[in-house]
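Data block below; observations after.
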Amino acid sequence: MSVRGGTQANPVVRVRTTRVPKLVAVAGPASGRAFAVTRSVATVGRHPTNDFAVEDPRISGVHLELSRVDDRLRLVDMGSMNGTWLGPHRVKEVELAVGAEFTIGDTTIRVDADDSAPESDLAPSESFGGLVGRTPPMRELFQALERISPKELTVLIQGETGTGKEEVARAIHLASPRASGPFIVIDATALPETLAESLLFGHEKGAFTGANERRNGFFEAARGGTVFIDEVGELPAALQAKFLRVLERREVIRVGGHAPSPIDVRVLSATNRDLRNAIDRGTFREDLYYRLAQVRVVVPPVRARIADVPLLAQKLLTRAGSTALIDVDALEHLQSKPWPGNVRELNNVLLRAAALAQDGVIRRSDVAGEGDGFRGTKEERSALDLSGTFGEAKDRAIERFERAYLAMLMKRCGGNLSAAARQAEVARHHLRDLLKKRGLYGVSLDDE
């Protein structure tokens with residue numbers, strides 16, 4: 001059964017797992033407590049927002065993460081202060097079967113099996129907004145997003161770099177009552193220190209040199225919509241305090257002003273690290289964390305949803321405006337890679353492959369990584385023209401790639417140079433120079 005995502009009316013698919021891994025504290029401060037790991041990913045640590053919270057002062061805020069592998073658990077230490085131990089061995093990552101015991105702090109935990117654990121809920125759809133996935137981790141995420149999107153809750157989106165956290169935030173916005181309002185993205189890593197407060201909260205005329213008129217900040221500009229703060233953990237301490245005040249009072253005071261201005265926004269935020277450990281280190285305010293994380297969702301890395309790669313590849317190529325097909329060997333190669341850069345890395349590989357593909361078919365040689373990128377057939381190698389010196393062959397390959405990529409980019413953007421520059425994430429003048437260099441500036445690309 002498959003229905004479109006993004007609505008609460010969707011039925012829920014319940015999956016029965018006969019042997020659900022269960023954690024049982026057998027020694028230490030939490031002795032006797034147990035937790036059934038019914039979801040794909042769970043965390044263990046001292047902070048009360050963990051799935052299995054353990055009140056042990058020698059345990060870190062988020063000590064470790066667990067991933068389901070059938071009836072086993074893959075344990076990953078999250079950079080804890082005192083480590084995770086299997087007997088005398090300190091481990092960073094390990095797979096545990098039923099009966100295994102490990103120690104964190106002064107607490108020893110055993111992995112048991114629970115045949116009576118509740119069923120886990122999975123969304124029936126393979127998509128939610130612009131997100132796609134048919135694996136359990138993604139369908140668990142879709143189920144959570146369907147529940148929280150219509151509600152006026154702050155959401156903290158966690159996930160590794162490149163997993164698509166902004167795409168998740170956008171999907172929440174579009175499935176909410178604020179969908180017709182603005183969606184404003186704030187990159188906390190790109191906020192200039194001297195102007196950050198003005199950009200966020202606005203300023204009055206004359207507030208500082210160059211303030212020739214009153215301007216609204218991002219929060220006022222997003223009235224009726226959503227503000228998404230990416231990498232919120234990078235906010236400096238002083239700005240964290242002011243941001244907390246805005247969330248608590250639902251108003252901003254412009255730089256150089258005195259009268260508060262009410263705001264009407266929903267706040268979503270994202271981070272590629274766990275802020276609960278930042279709280280432990282004293283670099284992030286715990287009260288701000290609770291304001292931001294009324295709901296916390298985790299976007300799984302590609303390696304945890306590797307069966308989604310064919311679906312992801314099709315989605316990414318379609319979004320790029322490419323009609324290229326991927327042969328089976330190429331797909332198998334894509335599914336064999338760990339993808340440390342996640343969806344962003346996969347997207348970059350596919351864009352390059354689509355530009356280099358012969359006859360509109362992406363083959364293994366087009367998606368192979370460094371070191372095996374040219375181990376194709378004799379015909380495939382000759383298509384790249386590897387004759388001459390290394391520099392000459394490299395220049396020809398770059399020229400072929402740039403011409404194909406730029407032609408596809410400009411066609412996708414309808415010839416709009418500014419839109420193309422934004423999509424390619426290059427300066428407009430640099431893109432114009434590249435187009436001129438490859439003889440594509442001002443040329444109709446309908447037949448490219």
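If you're wondering about the labels, chains in the structure tokens are A, B, ... by order shown, residues count from 1 in each chain, ligands from 1 in order shown.
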Fewer than 2 positions away in the same chain doesn't count, so skip those; otherwise give me all residues within 6 Å of range 87-103 of chain A, counting only C-alpha atoms, as a list in words. Arg72, Leu73, Arg74, Leu75, Val76, Asp77, Thr84, Trp85, Thr107, Thr108, Ile109, Arg110, Val111 and Asp112 of chain A
For the selection just defined, write its residues with N, CA, C and O atoms to a file, as a CSV table (one decimal), in the first residue's frame.
```
chain,number,residue,atom,x,y,z
A,72,ARG,N,19.8,-7.3,16.7
A,72,ARG,CA,21.1,-6.8,17.3
A,72,ARG,C,21.1,-5.3,17.4
A,72,ARG,O,20.2,-4.6,16.8
A,73,LEU,N,22.1,-4.8,18.0
A,73,LEU,CA,22.2,-3.4,18.2
A,73,LEU,C,23.6,-2.9,17.8
A,73,LEU,O,24.6,-3.6,18.2
A,74,ARG,N,23.7,-1.9,16.9
A,74,ARG,CA,25.0,-1.3,16.6
A,74,ARG,C,25.2,-0.1,17.6
A,74,ARG,O,24.4,0.8,17.6
A,75,LEU,N,26.2,-0.2,18.4
A,75,LEU,CA,26.5,0.9,19.4
A,75,LEU,C,27.6,1.8,18.9
A,75,LEU,O,28.6,1.3,18.4
A,76,VAL,N,27.4,3.1,19.0
A,76,VAL,CA,28.4,4.1,18.6
A,76,VAL,C,28.5,5.0,19.8
A,76,VAL,O,27.6,5.7,20.2
A,77,ASP,N,29.7,5.1,20.4
A,77,ASP,CA,30.0,6.1,21.4
A,77,ASP,C,30.1,7.5,20.8
A,77,ASP,O,30.7,7.7,19.8
A,84,THR,N,32.9,4.0,26.6
A,84,THR,CA,32.1,2.9,26.6
A,84,THR,C,33.0,1.6,26.6
A,84,THR,O,33.9,1.5,25.8
A,85,TRP,N,32.7,0.7,27.5
A,85,TRP,CA,33.6,-0.4,27.7
A,85,TRP,C,32.9,-1.8,27.6
A,85,TRP,O,31.8,-2.0,28.1
A,107,THR,N,27.6,2.2,35.4
A,107,THR,CA,26.4,1.5,35.1
A,107,THR,C,26.8,0.4,34.1
A,107,THR,O,27.4,0.7,33.1
A,108,THR,N,26.4,-0.8,34.4
A,108,THR,CA,26.5,-2.0,33.4
A,108,THR,C,25.2,-2.3,32.8
A,108,THR,O,24.2,-2.4,33.6
A,109,ILE,N,25.1,-2.4,31.5
A,109,ILE,CA,23.9,-2.7,30.8
A,109,ILE,C,24.0,-3.9,30.0
A,109,ILE,O,25.0,-4.2,29.3
A,110,ARG,N,23.0,-4.8,30.1
A,110,ARG,CA,22.9,-6.0,29.3
A,110,ARG,C,21.9,-5.9,28.2
A,110,ARG,O,20.9,-5.2,28.3
A,111,VAL,N,22.2,-6.5,27.0
A,111,VAL,CA,21.3,-6.5,25.9
A,111,VAL,C,20.4,-7.8,26.0
A,111,VAL,O,20.9,-8.9,25.9
A,112,ASP,N,19.1,-7.6,26.2
A,112,ASP,CA,18.2,-8.7,26.2
A,112,ASP,C,17.3,-8.7,25.0
A,112,ASP,O,17.4,-7.7,24.2
```
Determine, for each residue of range 123-193 of chain A having at least one atom at most 9 Å from an atom of range 27-45 of chain A, the closest pair of atoms and their separation in Å to one decimal, counting only C-alpha atoms; order by chain and ascending number, as a tab-separated table.
```
residue	atom	partner	partner_atom	distance
A:Pro136	CA	A:Ser40	CA	7.0
A:Pro137	CA	A:Ser40	CA	5.6
A:Glu140	CA	A:Arg39	CA	7.7
```
Output N, CA and C atoms of each residue in that selection to a file, as a CSV table (one decimal), in the first residue's frame.
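And here is the file that came out, out_39.csv:
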```
chain,number,residue,atom,x,y,z
A,136,PRO,N,12.7,1.7,7.0
A,136,PRO,CA,12.1,2.0,8.3
A,136,PRO,C,12.6,3.3,8.9
A,137,PRO,N,13.9,3.6,8.9
A,137,PRO,CA,14.3,4.9,9.5
A,137,PRO,C,13.6,6.1,8.9
A,140,GLU,N,9.7,6.0,9.7
A,140,GLU,CA,9.5,6.5,11.1
A,140,GLU,C,9.6,8.0,11.2
```
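Picture a line from CA of Asp280 in chain A to CA of Arg296 in chain A; it runs 18.1 Å.
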Pick the closest to Asn216 in chain A from A:Asn272, A:Ser261, A:Ser180, A:Ser60: which is it, counting only C-alpha atoms? A:Ser261
Closest pair table for range 60-179 of chain A residues within 9 Å of range 313-320 of chain A, only C-alpha atoms, as JSON lines:
```
{"residue": "A:Gly130", "atom": "CA", "partner": "A:Lys315", "partner_atom": "CA", "distance": 8.9}
{"residue": "A:Leu131", "atom": "CA", "partner": "A:Lys315", "partner_atom": "CA", "distance": 8.9}
{"residue": "A:Val132", "atom": "CA", "partner": "A:Lys315", "partner_atom": "CA", "distance": 7.7}
```
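Residue neighbourhood of Tyr441 in chain A, excluding near-sequence residues (fewer than 3 positions): Leu406, Ala407, Met410, Gly415, Leu417, Leu431, Arg432, Asp433, Leu434, Leu435, Lys436, Lys437, Arg438, Ser444 and Leu445 of chain A, at 10 Å, using only C-alpha atoms.
Each of A:Thr49, A:Thr189, A:Thr163, A:Thr323 was checked against Glu286 in chain A using only C-alpha atoms; the smallest atom-to-atom distance is that of A:Thr49.
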DSSP on the backbone: which residues in range 13-154 of chain A end up as strand (DSSP E or B)? Give the answer as a PyMOL selection string. chain A and resi 13-15+20-27+34-36+41-45+52-53+64-69+72-77+84-86+89-91+93-96+101-104+107-114+120-122+127-128+131-132
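Rounded to one decimal, CA of Arg147 in chain A and CA of Val267 in chain A lie 16.7 Å from each other.
Take CA of Lys394 in chain A and CA of Leu350 in chain A: the distance between them is 19.7 Å.
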